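Participant: Just so it is clear, I am handing over upload29.tsv, which has TSV, C-alpha atoms.
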```tsv
chain	number	residue	atom	x	y	z
A	1	MET	CA	-9.29	22.24	-2.09
A	2	THR	CA	-5.99	21.05	-0.68
A	3	GLY	CA	-2.88	22.85	-1.89
A	4	SER	CA	-0.62	20.71	-4.04
A	5	SER	CA	2.93	20.46	-5.22
A	6	ASN	CA	3.79	20.08	-8.88
A	7	ALA	CA	6.62	17.83	-7.81
A	8	GLY	CA	4.08	15.42	-6.31
A	9	GLY	CA	5.14	16.11	-2.74
A	10	ILE	CA	3.15	16.66	0.45
A	11	PRO	CA	0.52	19.37	-0.13
A	12	ALA	CA	0.33	22.53	1.94
A	13	ARG	CA	-2.37	22.53	4.63
A	14	ASP	CA	-3.31	26.15	5.08
A	15	GLY	CA	-4.95	26.78	8.44
A	16	ALA	CA	-4.73	23.12	9.56
A	17	PRO	CA	-3.01	22.01	12.79
A	18	ALA	CA	0.56	20.78	12.42
A	19	PRO	CA	0.64	16.99	11.91
A	20	ASP	CA	1.98	14.93	14.79
A	21	VAL	CA	2.73	11.73	12.82
A	22	ASP	CA	3.96	11.00	9.32
A	23	VAL	CA	1.15	8.69	8.23
A	24	VAL	CA	-2.32	7.76	9.48
A	25	CYS	CA	-3.72	4.49	8.11
A	26	LEU	CA	-7.42	3.71	8.54
A	27	GLY	CA	-8.93	0.32	7.82
A	28	GLU	CA	-9.65	-3.20	9.00
A	29	SER	CA	-6.98	-5.59	10.19
A	30	MET	CA	-7.63	-9.27	10.83
A	31	VAL	CA	-5.96	-12.19	12.49
A	32	THR	CA	-4.56	-14.40	9.73
A	33	PHE	CA	-4.03	-18.15	9.88
A	34	LEU	CA	-1.26	-19.39	7.59
A	35	PRO	CA	-0.95	-23.13	6.82
A	36	ARG	CA	2.15	-24.97	7.96
A	37	LEU	CA	1.91	-27.31	4.97
A	38	PRO	CA	0.86	-26.89	1.35
A	39	GLY	CA	-2.51	-28.18	0.25
A	40	ARG	CA	-6.21	-27.47	0.40
A	41	LEU	CA	-7.72	-25.84	3.46
A	42	ALA	CA	-9.71	-29.05	3.92
A	43	ASP	CA	-6.48	-31.02	4.24
A	44	VAL	CA	-4.13	-28.69	6.16
A	45	PRO	CA	-4.15	-29.75	9.84
A	46	THR	CA	-2.28	-26.86	11.49
A	47	PHE	CA	-1.86	-23.12	11.02
A	48	ASP	CA	0.37	-20.35	12.31
A	49	ARG	CA	-1.23	-17.13	13.54
A	50	ALA	CA	-0.26	-13.78	12.04
A	51	ILE	CA	-1.89	-10.44	11.27
A	52	GLY	CA	-3.17	-9.11	7.97
A	53	GLY	CA	-4.79	-5.94	6.77
A	54	ALA	CA	-3.81	-3.61	3.95
A	55	GLU	CA	-3.73	-0.41	5.99
A	56	SER	CA	-2.12	-1.89	9.11
A	57	ASN	CA	0.48	-3.58	6.87
A	58	VAL	CA	1.41	-0.16	5.47
A	59	ALA	CA	1.53	1.38	8.96
A	60	CYS	CA	3.71	-1.44	10.37
A	61	THR	CA	6.10	-1.37	7.43
A	62	LEU	CA	6.57	2.39	7.65
A	63	ALA	CA	7.08	2.26	11.42
A	64	ARG	CA	9.73	-0.42	11.04
A	65	THR	CA	11.83	1.97	8.97
A	66	GLY	CA	11.66	4.91	11.33
A	67	HIS	CA	8.52	6.74	10.23
A	68	SER	CA	5.84	7.62	12.77
A	69	ALA	CA	2.58	5.87	11.95
A	70	ARG	CA	-0.89	5.71	13.49
A	71	TRP	CA	-3.46	3.01	12.79
A	72	ILE	CA	-7.16	3.80	13.25
A	73	SER	CA	-9.78	1.07	13.22
A	74	ARG	CA	-12.45	-0.78	15.17
A	75	ILE	CA	-11.87	-4.27	16.59
A	76	GLY	CA	-13.72	-6.66	18.84
A	77	ALA	CA	-13.30	-6.76	22.60
A	78	ASP	CA	-11.97	-10.29	22.24
A	79	GLY	CA	-8.69	-12.19	22.33
A	80	PHE	CA	-8.07	-11.77	18.62
A	81	GLY	CA	-8.48	-8.02	19.06
A	82	ASP	CA	-5.97	-8.12	21.92
A	83	HIS	CA	-3.53	-9.94	19.65
A	84	LEU	CA	-3.95	-7.41	16.83
A	85	LEU	CA	-3.36	-4.45	19.10
A	86	ALA	CA	-0.25	-5.99	20.64
A	87	ALA	CA	1.24	-7.15	17.33
A	88	ILE	CA	0.71	-3.84	15.54
A	89	ALA	CA	1.93	-1.83	18.53
A	90	ASP	CA	5.04	-4.03	18.67
A	91	CYS	CA	5.92	-2.74	15.20
A	92	GLY	CA	6.03	0.80	16.61
A	93	VAL	CA	2.60	1.91	15.41
A	94	ASP	CA	0.40	4.16	17.55
A	95	VAL	CA	-2.85	2.28	18.25
A	96	THR	CA	-4.35	4.63	20.85
A	97	HIS	CA	-7.22	5.61	18.53
A	98	VAL	CA	-8.40	2.06	17.83
A	99	ARG	CA	-11.89	1.50	19.25
A	100	ARG	CA	-13.04	-1.75	20.87
A	101	ASP	CA	-16.54	-3.04	20.07
A	102	PRO	CA	-18.12	-5.27	22.75
A	103	LEU	CA	-20.87	-6.47	20.40
A	104	ARG	CA	-18.98	-7.40	17.22
A	105	PRO	CA	-16.00	-9.73	16.68
A	106	THR	CA	-12.55	-9.12	15.26
A	107	GLY	CA	-12.31	-10.44	11.71
A	108	ILE	CA	-10.20	-13.51	10.92
A	109	TYR	CA	-9.25	-15.36	7.76
A	110	PHE	CA	-7.51	-18.51	6.61
A	111	ARG	CA	-5.59	-18.95	3.39
A	112	THR	CA	-3.60	-21.61	1.59
A	113	ALA	CA	0.15	-21.38	1.11
A	114	GLY	CA	-0.01	-20.98	-2.67
A	115	ASP	CA	0.15	-17.75	-4.62
A	116	ARG	CA	-3.14	-15.81	-4.82
A	117	ALA	CA	-2.87	-15.73	-8.62
A	118	THR	CA	-3.14	-19.52	-8.98
A	119	ASP	CA	-6.37	-21.51	-9.34
A	120	THR	CA	-5.51	-23.60	-6.27
A	121	HIS	CA	-5.33	-20.62	-3.91
A	122	GLU	CA	-8.06	-20.47	-1.28
A	123	VAL	CA	-9.05	-17.74	1.13
A	124	ALA	CA	-11.76	-18.16	3.75
A	125	TYR	CA	-12.86	-14.85	5.30
A	126	TYR	CA	-14.78	-14.62	8.56
A	127	ARG	CA	-15.31	-10.87	8.63
A	128	ALA	CA	-19.03	-10.35	7.91
A	129	GLY	CA	-20.45	-8.32	10.77
A	130	SER	CA	-16.98	-7.58	12.12
A	131	ALA	CA	-16.28	-4.63	14.38
A	132	ALA	CA	-14.52	-2.85	11.51
A	133	SER	CA	-17.58	-3.13	9.30
A	134	ALA	CA	-19.40	-0.89	11.80
A	135	MET	CA	-17.07	2.09	11.26
A	136	THR	CA	-19.07	5.19	10.37
A	137	ALA	CA	-18.40	8.82	9.57
A	138	ALA	CA	-20.57	9.86	12.54
A	139	HIS	CA	-18.24	8.23	15.06
A	140	LEU	CA	-15.02	9.39	13.39
A	141	ASP	CA	-12.38	11.19	15.42
A	142	ARG	CA	-11.52	13.71	12.73
A	143	ASP	CA	-8.62	15.24	14.61
A	144	ALA	CA	-6.96	11.83	14.83
A	145	VAL	CA	-7.71	10.96	11.20
A	146	HIS	CA	-6.20	14.25	9.97
A	147	SER	CA	-3.22	14.16	12.35
A	148	GLY	CA	-0.69	12.89	9.82
A	149	ARG	CA	1.17	14.33	6.87
A	150	ILE	CA	-0.46	11.56	4.83
A	151	LEU	CA	-3.79	9.78	5.30
A	152	HIS	CA	-3.69	6.33	3.71
A	153	LEU	CA	-6.91	4.47	2.83
A	154	SER	CA	-7.86	1.46	0.73
A	155	GLY	CA	-10.84	0.28	-1.26
A	156	ILE	CA	-11.20	-2.77	0.99
A	157	THR	CA	-12.84	-0.58	3.63
A	158	ALA	CA	-15.45	0.62	1.15
A	159	ALA	CA	-16.55	-2.97	0.51
A	160	LEU	CA	-17.17	-3.89	4.15
A	161	SER	CA	-20.59	-2.23	4.57
A	162	GLU	CA	-22.74	0.67	3.43
A	163	ASP	CA	-21.59	2.61	6.50
A	164	CYS	CA	-17.97	2.03	5.55
A	165	LEU	CA	-18.64	3.14	1.98
A	166	GLY	CA	-20.20	6.31	3.34
A	167	LEU	CA	-17.17	6.84	5.56
A	168	MET	CA	-14.85	6.49	2.60
A	169	ARG	CA	-16.88	8.93	0.52
A	170	GLU	CA	-16.59	11.50	3.28
A	171	LEU	CA	-12.86	10.95	3.78
A	172	THR	CA	-12.09	11.26	0.05
A	173	ALA	CA	-14.12	14.45	-0.38
A	174	ARG	CA	-11.80	17.34	-1.19
A	175	HIS	CA	-11.74	20.11	1.41
A	176	PRO	CA	-9.19	22.64	2.70
A	177	GLY	CA	-6.71	21.51	5.31
A	178	ARG	CA	-6.83	17.77	4.77
A	179	PRO	CA	-3.54	15.86	4.59
A	180	LEU	CA	-2.25	14.31	1.40
A	181	LEU	CA	-4.78	11.54	0.74
A	182	SER	CA	-3.31	8.26	-0.46
A	183	PHE	CA	-5.73	5.65	-1.79
A	184	ASP	CA	-4.93	2.06	-2.75
A	185	VAL	CA	-7.77	0.67	-4.86
A	186	ASN	CA	-7.25	-2.88	-3.54
A	187	TYR	CA	-10.13	-4.37	-5.49
A	188	ARG	CA	-11.24	-7.68	-3.94
A	189	PRO	CA	-14.04	-9.22	-6.06
A	190	CYS	CA	-15.17	-11.53	-3.25
A	191	LEU	CA	-16.04	-8.55	-1.04
A	192	TRP	CA	-18.44	-6.90	-3.51
A	193	ARG	CA	-21.96	-8.34	-3.85
A	194	GLU	CA	-22.25	-7.18	-7.46
A	195	PRO	CA	-19.33	-6.46	-9.81
A	196	SER	CA	-20.96	-3.17	-10.85
A	197	GLN	CA	-20.68	-1.88	-7.27
A	198	ALA	CA	-16.91	-1.70	-7.67
A	199	ARG	CA	-17.41	1.40	-9.84
A	200	ALA	CA	-17.62	3.21	-6.51
A	201	LEU	CA	-13.87	2.68	-6.20
A	202	LEU	CA	-13.33	4.87	-9.26
A	203	ASP	CA	-15.20	7.75	-7.63
A	204	LEU	CA	-13.20	7.34	-4.41
A	205	ALA	CA	-9.94	7.32	-6.35
A	206	ARG	CA	-10.90	10.57	-8.07
A	207	GLY	CA	-10.99	12.27	-4.68
A	208	ALA	CA	-7.46	11.21	-3.72
A	209	ASP	CA	-4.15	13.02	-4.23
A	210	LEU	CA	-2.15	9.81	-4.69
A	211	VAL	CA	-3.66	6.60	-6.10
A	212	PHE	CA	-2.26	3.08	-6.32
A	213	VAL	CA	-3.98	0.65	-8.69
A	214	GLY	CA	-2.97	-2.53	-10.47
A	215	ASP	CA	-3.66	-2.69	-14.18
A	216	ASP	CA	-5.41	-6.02	-13.54
A	217	GLU	CA	-7.64	-4.39	-10.91
A	218	ALA	CA	-8.60	-1.57	-13.27
A	219	ARG	CA	-9.45	-4.09	-15.97
A	220	ASP	CA	-11.59	-6.30	-13.70
A	221	ALA	CA	-13.31	-3.52	-11.72
A	222	TRP	CA	-13.70	-0.80	-14.34
A	223	GLY	CA	-13.12	-2.40	-17.74
A	224	LEU	CA	-10.04	-0.26	-18.37
A	225	HIS	CA	-7.17	-1.74	-20.35
A	226	GLY	CA	-3.65	-0.37	-20.05
A	227	ALA	CA	-1.92	2.34	-18.09
A	228	GLN	CA	-2.86	5.14	-20.49
A	229	ALA	CA	-6.57	4.29	-20.31
A	230	ILE	CA	-6.39	4.27	-16.51
A	231	SER	CA	-4.67	7.66	-16.56
A	232	GLU	CA	-7.38	9.12	-18.79
A	233	ALA	CA	-10.10	7.83	-16.46
A	234	LEU	CA	-8.36	9.29	-13.40
A	235	PRO	CA	-7.17	12.80	-14.29
A	236	GLU	CA	-7.73	14.25	-10.80
A	237	PRO	CA	-4.97	12.71	-8.60
A	238	ASN	CA	-1.62	14.51	-8.52
A	239	LEU	CA	0.12	11.14	-8.67
A	240	LEU	CA	-1.34	7.98	-10.19
A	241	VAL	CA	0.68	4.79	-9.67
A	242	VAL	CA	-0.27	2.00	-12.09
A	243	LYS	CA	1.26	-1.30	-11.01
A	244	GLN	CA	1.88	-3.60	-13.96
A	245	GLY	CA	2.81	-6.84	-12.23
A	246	LYS	CA	6.11	-8.43	-13.19
A	247	ARG	CA	6.69	-5.78	-15.84
A	248	GLY	CA	6.99	-2.80	-13.48
A	249	ALA	CA	5.05	0.34	-12.55
A	250	THR	CA	4.19	3.60	-14.27
A	251	VAL	CA	3.59	6.83	-12.38
A	252	PHE	CA	1.59	9.62	-14.00
A	253	ARG	CA	2.41	12.99	-12.42
A	254	ARG	CA	-0.07	15.83	-12.78
A	255	THR	CA	1.48	19.24	-13.31
A	256	THR	CA	-0.54	22.44	-13.24
A	257	LYS	CA	0.93	25.56	-14.76
A	258	THR	CA	-0.90	28.87	-14.63
A	259	GLY	CA	-0.31	31.30	-17.46
A	260	ALA	CA	-1.86	34.51	-18.72
A	261	ARG	CA	-3.39	35.08	-22.09
A	262	ASP	CA	-4.32	38.36	-23.73
A	263	GLY	CA	-1.85	40.08	-21.41
A	264	GLY	CA	-4.08	40.33	-18.34
A	265	ALA	CA	-4.86	38.55	-15.10
A	266	ALA	CA	-8.46	38.06	-16.21
A	267	GLY	CA	-7.17	35.87	-18.98
A	268	GLU	CA	-5.27	33.48	-16.74
A	269	ARG	CA	-5.77	29.84	-17.41
A	270	ALA	CA	-4.33	26.64	-15.96
A	271	ASP	CA	-2.53	24.19	-18.23
A	272	VAL	CA	-2.69	20.65	-16.81
A	273	THR	CA	-0.26	18.08	-18.15
A	274	ARG	CA	0.73	14.57	-17.08
A	275	THR	CA	4.16	13.06	-17.39
A	276	ALA	CA	4.68	9.31	-17.24
A	277	THR	CA	7.62	7.60	-15.53
A	278	PHE	CA	8.11	3.84	-15.88
A	279	VAL	CA	10.45	1.71	-13.74
A	280	PRO	CA	10.79	-2.05	-14.30
A	281	SER	CA	10.21	-4.49	-11.48
A	282	LEU	CA	13.01	-6.40	-9.82
A	283	ASN	CA	13.83	-10.04	-10.41
A	284	VAL	CA	12.90	-11.94	-7.25
A	285	ASP	CA	12.58	-15.55	-6.14
A	286	LEU	CA	8.87	-15.56	-5.34
A	287	VAL	CA	7.71	-17.15	-2.09
A	288	ALA	CA	4.24	-15.57	-1.81
A	289	ALA	CA	2.65	-12.51	-3.40
A	290	THR	CA	0.37	-11.67	-0.47
A	291	GLY	CA	1.20	-8.28	1.01
A	292	ALA	CA	3.42	-7.14	-1.85
A	293	GLY	CA	1.04	-4.38	-2.91
A	294	ASP	CA	0.93	-2.99	0.63
A	295	ALA	CA	4.72	-3.11	0.83
A	296	PHE	CA	5.01	-1.29	-2.50
A	297	ALA	CA	2.67	1.44	-1.23
A	298	ALA	CA	4.67	1.77	2.00
A	299	GLY	CA	7.95	2.10	0.11
A	300	PHE	CA	6.51	4.70	-2.23
A	301	LEU	CA	5.00	6.65	0.68
A	302	SER	CA	8.27	6.54	2.60
A	303	ALA	CA	10.10	8.07	-0.36
A	304	THR	CA	7.28	10.62	-0.78
A	305	LEU	CA	7.66	11.72	2.84
A	306	ARG	CA	11.35	12.26	2.09
A	307	ALA	CA	10.53	14.26	-1.07
A	308	LEU	CA	12.60	11.94	-3.27
A	309	PRO	CA	12.23	12.06	-7.08
A	310	VAL	CA	9.37	10.12	-8.60
A	311	ARG	CA	11.63	7.53	-10.22
A	312	THR	CA	13.31	6.90	-6.88
A	313	ARG	CA	9.94	6.55	-5.18
A	314	ILE	CA	8.97	3.81	-7.64
A	315	ARG	CA	12.24	2.00	-7.00
A	316	HIS	CA	11.66	2.11	-3.25
A	317	GLY	CA	8.22	0.66	-3.89
A	318	HIS	CA	9.74	-2.20	-5.89
A	319	LEU	CA	12.39	-2.85	-3.22
A	320	TRP	CA	9.91	-2.99	-0.37
A	321	ALA	CA	7.62	-5.19	-2.48
A	322	ALA	CA	10.59	-7.52	-3.07
A	323	ALA	CA	10.90	-7.91	0.70
A	324	ALA	CA	7.27	-9.06	0.87
A	325	LEU	CA	7.52	-11.31	-2.18
A	326	THR	CA	10.38	-13.29	-0.62
A	327	VAL	CA	8.60	-14.23	2.65
A	328	PRO	CA	5.50	-16.41	3.23
A	329	GLY	CA	3.43	-14.02	5.40
A	330	ASP	CA	1.56	-10.78	4.76
A	331	LEU	CA	4.05	-8.59	6.60
A	332	ALA	CA	7.76	-8.50	5.76
A	333	THR	CA	10.66	-6.63	7.31
A	334	PRO	CA	11.59	-3.93	4.78
A	335	PRO	CA	15.20	-3.19	3.85
A	336	GLY	CA	17.04	-0.66	5.99
A	337	ARG	CA	16.86	2.88	4.71
A	338	ALA	CA	20.56	3.20	3.84
A	339	HIS	CA	20.53	-0.14	2.03
A	340	ALA	CA	17.38	0.72	0.07
A	341	ASP	CA	18.77	4.14	-0.84
A	342	ARG	CA	21.93	2.60	-2.23
A	343	LEU	CA	20.04	0.06	-4.33
A	344	ALA	CA	17.60	2.72	-5.54
A	345	ASP	CA	20.57	4.75	-6.77
A	346	LEU	CA	21.90	1.97	-9.02
A	347	ASP	CA	22.19	2.77	-12.70
A	348	ASP	CA	19.60	1.23	-15.01
A	349	ALA	CA	21.79	-1.68	-16.11
A	350	ALA	CA	22.66	-2.64	-12.52
A	351	TRP	CA	19.02	-2.32	-11.48
A	352	GLU	CA	17.95	-4.73	-14.20
A	353	ARG	CA	20.65	-7.22	-13.11
A	354	LEU	CA	19.58	-7.16	-9.47
A	355	HIS	CA	18.11	-10.49	-8.34
A	356	LEU	CA	16.76	-10.83	-4.81
A	357	GLY	CA	15.90	-14.01	-2.94
A	358	PRO	CA	14.64	-15.03	0.51
A	359	GLY	CA	16.68	-13.48	3.29
A	360	TRP	CA	18.08	-10.56	1.31
A	361	THR	CA	16.98	-7.93	3.83
A	362	GLU	CA	18.46	-9.96	6.71
A	363	ALA	CA	21.70	-10.39	4.76
A	364	ALA	CA	22.04	-6.64	4.52
A	365	ALA	CA	21.26	-6.17	8.21
A	366	SER	CA	23.97	-8.68	9.17
A	367	GLY	CA	26.70	-6.78	7.32
A	368	ARG	CA	26.56	-8.39	3.88
A	369	ARG	CA	25.58	-6.10	1.07
A	370	VAL	CA	24.52	-6.15	-2.56
A	371	ASP	CA	27.01	-4.79	-5.06
A	372	ALA	CA	26.09	-2.97	-8.23
A	373	SER	CA	26.07	-6.19	-10.25
A	374	GLY	CA	23.31	-7.65	-8.14
A	375	ARG	CA	25.62	-10.10	-6.43
A	376	ARG	CA	26.01	-10.53	-2.69
A	377	ALA	CA	29.05	-9.14	-0.91
A	378	ASP	CA	30.38	-9.51	2.61
A	379	ALA	CA	31.29	-6.59	4.90
A	380	SER	CA	34.75	-6.34	3.35
A	381	GLY	CA	33.24	-5.75	-0.07
A	382	ARG	CA	34.30	-9.09	-1.56
A	383	THR	CA	31.58	-10.50	-3.79
A	384	ALA	CA	30.57	-14.06	-4.57
A	385	ASP	CA	29.32	-15.19	-7.95
A	386	GLU	CA	25.80	-15.80	-6.67
A	387	GLU	CA	22.50	-14.06	-6.50
A	388	VAL	CA	21.31	-12.22	-3.41
A	389	GLY	CA	19.56	-14.69	-1.20
A	390	THR	CA	19.55	-16.48	2.10
A	391	PRO	CA	22.62	-15.48	4.15
```
Would it be possible to restate this file's structure as structure tokens?

Facilitator:
Amino acid sequence: MTGSSNAGGIPARDGAPAPDVDVVCLGESMVTFLPRLPGRLADVPTFDRAIGGAESNVACTLARTGHSARWISRIGADGFGDHLLAAIADCGVDVTHVRRDPLRPTGIYFRTAGDRATDTHEVAYYRAGSAASAMTAAHLDRDAVHSGRILHLSGITAALSEDCLGLMRELTARHPGRPLLSFDVNYRPCLWREPSQARALLDLARGADLVFVGDDEARDAWGLHGAQAISEALPEPNLLVVKQGKRGATVFRRTTKTGARDGGAAGERADVTRTATFVPSLNVDLVAATGAGDAFAAGFLSATLRALPVRTRIRHGHLWAAAALTVPGDLATPPGRAHADRLADLDDAAWERLHLGPGWTEAAASGRRVDASGRRADASGRTADEEVGTP
């Protein structure tokens, strides 16, 4: 079993080669078509092309903030595959271990402009039989997969095919020398033929060191209600991140303490406890929710790589999610590290006053900053009585 840190940091990897990147992300990415106008897919005449995929989103977001990231997948030997490779590589991600499949296509999907949570939201996937659905454990480059300090996976891959589910079961099996295994449940009901099949996600999560799950996902996939019930069902991960929508996120940290009883080594026993840390979400002017969960995971992983305290990791997750929530596409530019660090260090009252709108990351990059009250300030430090928004 992998060594672990009670502080929830990167586990020791006794006997394993030294990692050559910070994070390896494995999973399908697709070409995404975003409507230029609101309305039904039947009525929208034109679309803009982008990229979308939970794992590649995490890799791109981490690379944009200075972390080294590698994306591993399988794509078609087609023009859409060419576009994916170029777009993800342009973010600074290593794509040298992506395989091209001459027989299967790259997946694509179309979606409406509205929020996924509304009844009017539509998504049309064209990914059945995609190159990524043919990923198997037998063709896995294990050295590449285990070449990072963190291996990040998601439950979407498990839903693509039986081969992919088998791959995920093998990757989440605990064994010595593996990197810290991060798993985002990412339950997508439309990808599972039967709702009961989604119970497989619970078993996969139990094999991970760090798990991200929304309380709504746990309710719909597993029938679990509330953060405490989710924690009781998932005692194995060192860190369990329960995302609670607009309310915030709770992290359960597993601490193992070995003590002796009866005065001898033979009487040693391990006491396992879990401490809960809750951090409220930020107030944002919502543009689209797509990609926010991936951005949250990337922010949390970035702070984990830097061994920041758990509360600070949650705040970085919220900040990076706020960047995604205030843009229309799946992939947002995260805040610069110095800017995010300063906001994450705000006291609780200032954090609760913070209100972020479209353009807030660009405002910071151009020299304007957010003061402790949540208002926008120029480079001289003068503040305006307005919320943080478009520069």

Participant: Around the point (3.9, 2.2, 15.4), in the coordinates given by the file, pick out the residues reaching within 12 Å, counting all atoms listed in the file, and return them as number ranges by chain.

Facilitator: A: 21-25, 56-72, 85-96

Participant: Please measure the separation of atom CA of Gly148 of chain A and atom CA of Ala303 of chain A, giving the value in Å to one decimal.

Facilitator: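 Pair atom CA of Gly148 of chain A / atom CA of Ala303 of chain A returns 15.6 Å.
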
Participant: Take atom CA of Arg100 of chain A and atom CA of Ile75 of chain A and report the distance between them in Å, one decimal.

Facilitator: 5.1 Å

Participant: Quick one, how far is atom CA of Ala324 of chain A from atom CA of Val123 of chain A?

Facilitator: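 Taking atom CA of Ala324 of chain A and atom CA of Val123 of chain A, their separation equals 18.5 Å.
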
Participant: Which residues are close to segment 333-339 of chain A, i.e. within 6 Å by all atoms listed in the file, leaving aside same-chain residues fewer than 2 positions away? Reply as a PyMOL selection string.

Facilitator: chain A and resi 320+323+341-342+361

Participant: List the spatial neighbours of segment 223-232 of chain A as a VMD selection string - criterion: any atom at most 9 Å away, all atoms listed in the file, same-chain residues fewer than 6 positions off excluded.

Facilitator: chain A and resid 213 215 to 217 240 242 to 244 250 252 274

Participant: When distances are computed from all atoms listed in the file, which of A:Arg178, A:Arg188, A:Arg111, A:Arg99 shows the smallest separation from Leu41 of chain A?

Facilitator: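 Between A:Arg178, A:Arg188, A:Arg111, A:Arg99, the residue approaching Leu41 of chain A most closely is A:Arg111.
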
Participant: Smallest atom-to-atom distance to Arg306 of chain A: which of A:Leu239, A:Arg149, A:Ala42, A:Ser29, using only C-alpha atoms?

Facilitator: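 Answer, going by the shortest atom-to-atom distance: A:Arg149.
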
Participant: Given all atoms listed in the file as the basis, pick out the residue of A:Ala321, A:Ala138, A:Ala198, A:Ala233 nearest to Leu171 of chain A.

Facilitator: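 Once distances to Leu171 of chain A are computed over all atoms listed in the file, the minimum belongs to A:Ala138.
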
Participant: What are the centre and the three edge lengths of an axis-aligned box that wraps all atoms of segment 315-326 of chain A in the file, given that 5 Å is added to every side, written as AutoDock Vina command-line options and rounded to one decimal in Å?

Facilitator:
```
--center_x 9.8 --center_y -5.6 --center_z -3.1 --size_x 15.1 --size_y 25.4 --size_z 17.9
```

Participant: Given all atoms listed in the file as the basis, pick out the residue of A:His355, A:His146, A:Arg311, A:His316 nearest to Pro17 of chain A.

Facilitator: A:His146

Participant: Go through A:Pro19, A:Gly155, A:Gly177, A:Gly81 one by one, measure the shortest atom-to-atom distance of each to Asp203 of chain A using all atoms listed in the file, and give the residue with the smallest value.

Facilitator: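 Counting all atoms listed in the file, the residue closest to Asp203 of chain A is A:Gly155.
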
Participant: Residues near Arg247 of chain A, anyone? I mean within 10 Å using only C-alpha atoms, not counting same-chain ones fewer than 2 positions away, as a ChimeraX atom specification.

Facilitator: /A:243-245,249-250,278-283

Participant: Restricting the calculation to only C-alpha atoms: of A:Glu122, A:Asp48, A:Asp43, A:Asp143, which residue gets closest to Pro328 of chain A?

Facilitator: A:Asp48

Participant: Considering all atoms listed in the file, return as an mmCIF file with C-alpha atoms, in the frame of the given file whatever protein or nucleic-acid residues lie within 9 Å of segment 32-37 of chain A, sequence-local ones (same chain, fewer than 4 positions apart) excluded.

Facilitator:
```cif
data_model
loop_
_atom_site.group_PDB
_atom_site.id
_atom_site.type_symbol
_atom_site.label_atom_id
_atom_site.label_comp_id
_atom_site.auth_asym_id
_atom_site.auth_seq_id
_atom_site.Cartn_x
_atom_site.Cartn_y
_atom_site.Cartn_z
ATOM 1 C CA LEU A 41 -7.720 -25.840 3.460
ATOM 2 C CA VAL A 44 -4.130 -28.690 6.160
ATOM 3 C CA PRO A 45 -4.150 -29.750 9.840
ATOM 4 C CA THR A 46 -2.280 -26.860 11.490
ATOM 5 C CA PHE A 47 -1.860 -23.120 11.020
ATOM 6 C CA ASP A 48 0.370 -20.350 12.310
ATOM 7 C CA ARG A 49 -1.230 -17.130 13.540
ATOM 8 C CA ALA A 50 -0.260 -13.780 12.040
ATOM 9 C CA ILE A 51 -1.890 -10.440 11.270
ATOM 10 C CA GLY A 52 -3.170 -9.110 7.970
ATOM 11 C CA GLY A 53 -4.790 -5.940 6.770
ATOM 12 C CA GLY A 107 -12.310 -10.440 11.710
ATOM 13 C CA ILE A 108 -10.200 -13.510 10.920
ATOM 14 C CA TYR A 109 -9.250 -15.360 7.760
ATOM 15 C CA PHE A 110 -7.510 -18.510 6.610
ATOM 16 C CA ARG A 111 -5.590 -18.950 3.390
ATOM 17 C CA THR A 112 -3.600 -21.610 1.590
ATOM 18 C CA ALA A 113 0.150 -21.380 1.110
ATOM 19 C CA PRO A 328 5.500 -16.410 3.230
ATOM 20 C CA GLY A 329 3.430 -14.020 5.400
ATOM 21 C CA ASP A 330 1.560 -10.780 4.760
#
```
